[in-house]
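> Please read through the structure below; I'll follow up with questions.
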Amino acid sequence: MNAKERVMAVINHQKPDRMPCFGANSTVTYEQMEKVGAFWPEGHEKGEVMAKQALAAYTVLGFDAVRIPFCQTFEAVALGCKRKPGKIRDIEGIPGIEHPPPYKIDDTPVFPDDFLSRGFIPELIKAVKFLKKEVGNEVAIIAGIIGPFTIAGSMLDSVPLLKATFKTPEKMRPFLDVGEKAGTALAKALVDAGADIISIEDMTASPELIAPKTYRDYEMEYQRKQCDAISVPTILHICGNVDSIVAWMGQTGAKILSLEPKANAKLAREKCGSDVILMGGVDTANVLFMKDADTVKQGCEESIADGIQILAPGCAVAPGTPTENLLAMVAVAKAH
Amino acid sequence: MKILNDFSNIFKRYDLDLEKTGEAKTVSKDAVLQKIAKFVVEGDEEGIRPAVKAALKDKSPLDVINGALVAGMNEVSRLWDEGVYFLPQVILSSDAMNVGIAECEKKMGKAMDRKGKVVTHTAEGDIHDIGQVIVNALLNANGFEVINLGADVPTDKVVAACKEHRPVMVTGTALMTTTMTAFPKIAHQLRQTGLNIPFICGGGAVCEEYVTQYDLGIWGKEVSQAPGMAEDALAGESWESMRSKWNG
C-alpha cells in the first residue's frame, strides 16, 4: 500500500497494511524548511512555496499525508479582517489576525461574492493543484479550513463573541452563517483543486472557551451543514479537552475526529460509536516540542491503546519541533 | 418487576450528563447587597449600575464593594472551579463587577484601595488573550490592581511597565510555542534592571520545564492559582521560594 491508499483504507473502514500517521493541523517546522529549501513568509503567501513546505511531511518525515496551510487567517482576511504578519523580532512565525476586528455583534456581516479571489486564497488553491500534480497518486492531500465559530471569533474578536454566547446568542447566527459559507466555499474550491480530505479546525468552539450547550445549540448545526456540503471525507479538530461535547462532534457528519491527548479517546469511541475514526497522539507543546523521542513513542503507544486509529500530533506542530520527535511518531505507526 | 417510584430522571436528557449543575450561594443576609451580588453572579452589566447607585444612598462604597461585588465574584470563581460556570460567564461577571466598582469609586471620589499591583500581558505575537482575561478577572476580584497590557505585547513594553508600576508580580500568557520564547527575554531584562519580580508564566503551550529554566519564572498551571500567587508575592515571598512552593 502506498501512503494515500493507507489513509483511504482507514477512512473506508478497511484494514490498512499499517497505521497511517499524519497531521490534521500544520506539521511544518523550521528544520523541514531547511531540508526542502522553502521558507516563511513565502510559505504562507505563495502557492508553490507552500506546496514545497507541505511536501516535507512526506519526503522528510514519511507522513502519509501532506497538509496545507500553516496558519488560520485565509478566510478571516478574505472577510475583511486585517492580517498580522508572522514575523516577531527576527524570526518568521505564523501570521495572525490584527485588532481591531471589522465587526461588532449588532452588525450584519457580509459574505463577499469574490471571496475566493480575496487575500491569499488563490495561492492556497494553487498550492493544492501543485501538490496534486506532484504527489496526487501517492500521498493524501489534506486542505485545512477554519470552522464557523472560529471565523466568527476573528470577525468579532473572541471576547465579544464569548459574551454574546450568554447575552445575545441569537445575534451570533449571522456570523456563524457567514463563517460556515466561507469555510464551505473554500473547501469546495480546494476539493476541485485536488484535496482528498478537508480538515476543519475550530479552535474557538472548544469547551475550554465556550459552554458545551453553546456548541450543542449553535455551532453544531453549522458544522453539520458544512460537513454535509463537502463531498470528500472531513476531519473535525477542536482544541483542548472536548469530552463534554464529543458526542455531538460525532453527530456533525465529520468522518474523522482529531483529538488532543487531554481529550478522552475511549469516551469519544463510546459516545460516537464505531463509524467515527479517531486521530490523535501526543501533545504538541509539552511532548513533541519539549521532550525526546522516547517520550513521544510512549505517548503514541498510550493513545493507540486508547483507540486512536490514525497517529497524529494532537494539534498544530510547533515550528521549532525537532525532526527526530516527528520521526519517532512514524516509527510507532510502522509498528502497528 | 421493579416499580418505578422516582420520576425525576424520566425526562432527563442522556446527552446532558456531562454538564454539571450548581447554584450560587447567598453571599449576604442584607437584601440590597445580595441583589447586587446576584447581578455579578449573573453577569448583568446593565442591571447592576442602578442597583449599586441605589445602594450607595445609605451604604458605604466599601461595604458595597466587599459585601456584594467581590463576594459575588468569589461565588463566580467557585462555580467556575467546580465546572458549573464557563469562561463567558466569568468574563460577563467580571465586567459587571467592574461597572459596580466604578460606581463605588465615583462615590468615594478616588480609586478603591488595592492590595498591590500586578502587571499582566499576553506574549508578543500571541493574540489568544483568553487566559489573561480570566487572570485579570480573578486578580481584580481579589483586590489587586491589574495593569492590563493586553495581547501581543513586545518584551520592552512589559519591562517598561514593571519599571513604572513596580508591581508585586508580573504574569505572561502564551498559547503558542512560537510566542513563549519572549518570556526568558523579559525575565532576563527584569533581572538586569534589578527588578526581581516573580514572573508567572502560563497558557496552553507553556509547561513547567520551560518556565523553570530561567530566573524569576514560576509556572502557572491553572489560572485559578493567580490570586494565591499574588498574595504570596504581596507578602514579600521571593521568586525562588514561590517557585518551590507552586512548582516541582
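Labels used: A, B, ... for chains in the order of the C-alpha cells, numbers from 1 for residues in each chain, and numbers from 1 for ligands as shown.
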Write down as a list of chain:residue names the residues of segment 49-100 of chain A whose backbone DSSP state falls under strand (DSSP E).

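Going through segment 49-100 of chain A, the strand (DSSP E) residues come out as A:Ala65, A:Val66, A:Arg67, A:Ile68, A:Lys82, A:Arg83, A:Lys84, A:Gly96, A:Ile97, A:Glu98.
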
> Quick one: pick out all helix (DSSP H, G or I) residues within segment 71-224 of chain B from a backbone DSSP run and write them as a count of residues only.

73

> Show me, as a PyMOL selection string, the residues that have an atom within 12 Å of Ile48 of chain B when counting only C-alpha atoms, minus same-chain residues fewer than 2 positions from it.

chain B and resi 32-46+50-55+64+68-69+72+92-104

> Rounded to one decimal, what separation in Å do you get between atom CA of Cys162 of chain B and atom CA of Asp90 of chain A?

24.4 Å

> Kindly indicate which residue among A:Ala211, A:Ala316, A:Ile142, A:Val332 lies nearest to chain B, using only C-alpha atoms for the distances.

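Result for the nearest residue to chain B: A:Ala211.
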
> What is the atom CA of Gly67 of chain B to atom CA of Asp113 of chain B distance in Å?

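Atom CA of Asp113 of chain B lies at a distance of 15.2 Å from atom CA of Gly67 of chain B.
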
> Please, which residues in segment 77-121 of chain A fall within 9 Å of segment 25-44 of chain A when counting only C-alpha atoms, and what is the closest atom pair and distance in Å to one decimal for each, ordered by chain then residue number, as CSV?


residue,atom,partner,partner_atom,distance
A:Pro85,CA,A:Pro41,CA,8.1
A:Gly86,CA,A:Pro41,CA,7.4
A:Lys87,CA,A:Pro41,CA,8.0
A:Glu92,CA,A:Trp40,CA,6.0
A:Gly93,CA,A:Trp40,CA,7.3
A:Ile94,CA,A:His44,CA,8.1
A:Pro95,CA,A:His44,CA,8.0
A:Phe120,CA,A:His44,CA,8.2

> Any chance you can output those residues with C-alpha atoms as a CSV table (one decimal), in the first residue's frame?


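Below you can see out_17.csv, which holds the result:
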chain,number,residue,atom,x,y,z
A,85,PRO,CA,2.4,39.1,9.5
A,86,GLY,CA,4.1,36.3,11.4
A,87,LYS,CA,7.5,37.9,12.0
A,92,GLU,CA,9.4,34.3,10.8
A,93,GLY,CA,6.4,32.8,12.5
A,94,ILE,CA,2.7,32.2,12.0
A,95,PRO,CA,0.5,35.1,10.8
A,120,PHE,CA,-4.1,34.7,-0.2

> Any idea what's packed within 10 Å of Lys334 of chain A, counting only C-alpha atoms, ignoring anything in its chain fewer than 2 positions away? Could you give it as a PyMOL selection string?

chain A and resi 17-21+328-332+336

> Those residues with N, CA and C atoms, as a PDB file, in the first residue's frame please?


ATOM      1  N   ASP A  17      -2.283  -1.683   5.704  1.00  0.00           N
ATOM      2  CA  ASP A  17      -1.129  -2.554   5.972  1.00  0.00           C
ATOM      3  C   ASP A  17      -0.471  -2.181   7.303  1.00  0.00           C
ATOM      4  N   ARG A  18      -0.594  -0.903   7.671  1.00  0.00           N
ATOM      5  CA  ARG A  18      -0.155  -0.448   8.992  1.00  0.00           C
ATOM      6  C   ARG A  18      -0.885   0.847   9.318  1.00  0.00           C
ATOM      7  N   MET A  19      -0.718   1.318  10.531  1.00  0.00           N
ATOM      8  CA  MET A  19      -1.410   2.541  10.931  1.00  0.00           C
ATOM      9  C   MET A  19      -0.850   3.764  10.191  1.00  0.00           C
ATOM     10  N   PRO A  20      -1.721   4.596   9.618  1.00  0.00           N
ATOM     11  CA  PRO A  20      -1.213   5.822   8.994  1.00  0.00           C
ATOM     12  C   PRO A  20      -0.841   6.882  10.031  1.00  0.00           C
ATOM     13  N   CYS A  21       0.037   7.790   9.632  1.00  0.00           N
ATOM     14  CA  CYS A  21       0.475   8.872  10.516  1.00  0.00           C
ATOM     15  C   CYS A  21       0.530  10.173   9.718  1.00  0.00           C
ATOM     16  N   ALA A 328       9.866   9.817  15.303  1.00  0.00           N
ATOM     17  CA  ALA A 328       9.517   8.806  16.315  1.00  0.00           C
ATOM     18  C   ALA A 328       8.040   8.409  16.184  1.00  0.00           C
ATOM     19  N   MET A 329       7.191   9.381  15.807  1.00  0.00           N
ATOM     20  CA  MET A 329       5.776   9.063  15.606  1.00  0.00           C
ATOM     21  C   MET A 329       5.607   8.066  14.467  1.00  0.00           C
ATOM     22  N   VAL A 330       6.334   8.329  13.369  1.00  0.00           N
ATOM     23  CA  VAL A 330       6.230   7.444  12.206  1.00  0.00           C
ATOM     24  C   VAL A 330       6.711   6.038  12.568  1.00  0.00           C
ATOM     25  N   ALA A 331       7.772   5.982  13.373  1.00  0.00           N
ATOM     26  CA  ALA A 331       8.300   4.672  13.783  1.00  0.00           C
ATOM     27  C   ALA A 331       7.234   3.881  14.546  1.00  0.00           C
ATOM     28  N   VAL A 332       6.492   4.558  15.420  1.00  0.00           N
ATOM     29  CA  VAL A 332       5.429   3.879  16.159  1.00  0.00           C
ATOM     30  C   VAL A 332       4.329   3.411  15.202  1.00  0.00           C
ATOM     31  N   HIS A 336       2.514  -0.694  13.970  1.00  0.00           N
ATOM     32  CA  HIS A 336       1.123  -1.076  14.262  1.00  0.00           C
ATOM     33  C   HIS A 336       0.325  -1.412  13.007  1.00  0.00           C
TER      34      HIS A 336
END

> Would you give me, as a CSV table (one decimal) with C-alpha atoms, in the first residue's frame, the residues of chain A that come within 7 Å of chain B, using only C-alpha atoms?


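So the final result, stored in selection-v8.csv, reads:
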chain,number,residue,atom,x,y,z
A,88,ILE,CA,8.4,38.5,15.6
A,93,GLY,CA,6.4,32.8,12.5
A,162,LEU,CA,-17.8,34.8,24.1
A,163,LYS,CA,-20.0,37.4,25.9
A,166,PHE,CA,-24.7,34.1,27.0
A,209,LEU,CA,-13.7,28.7,25.9
A,210,ILE,CA,-17.5,28.2,25.4
A,211,ALA,CA,-20.1,26.3,27.3
A,244,SER,CA,-18.2,17.3,27.2
A,285,ALA,CA,3.9,21.6,23.1
A,286,ASN,CA,4.7,19.6,26.2
A,318,ALA,CA,5.3,24.0,16.8

> Using only C-alpha atoms for the distances, tell me which of B:Gly202, B:Ala160, B:Arg114, B:Lys107 is nearest to Ser224 of chain B.

B:Gly202

> Using only C-alpha atoms, find the one residue out of B:Val223, B:Cys201, B:Val118, B:Ile186 that sits nearest to Asp156 of chain B.

B:Ile186
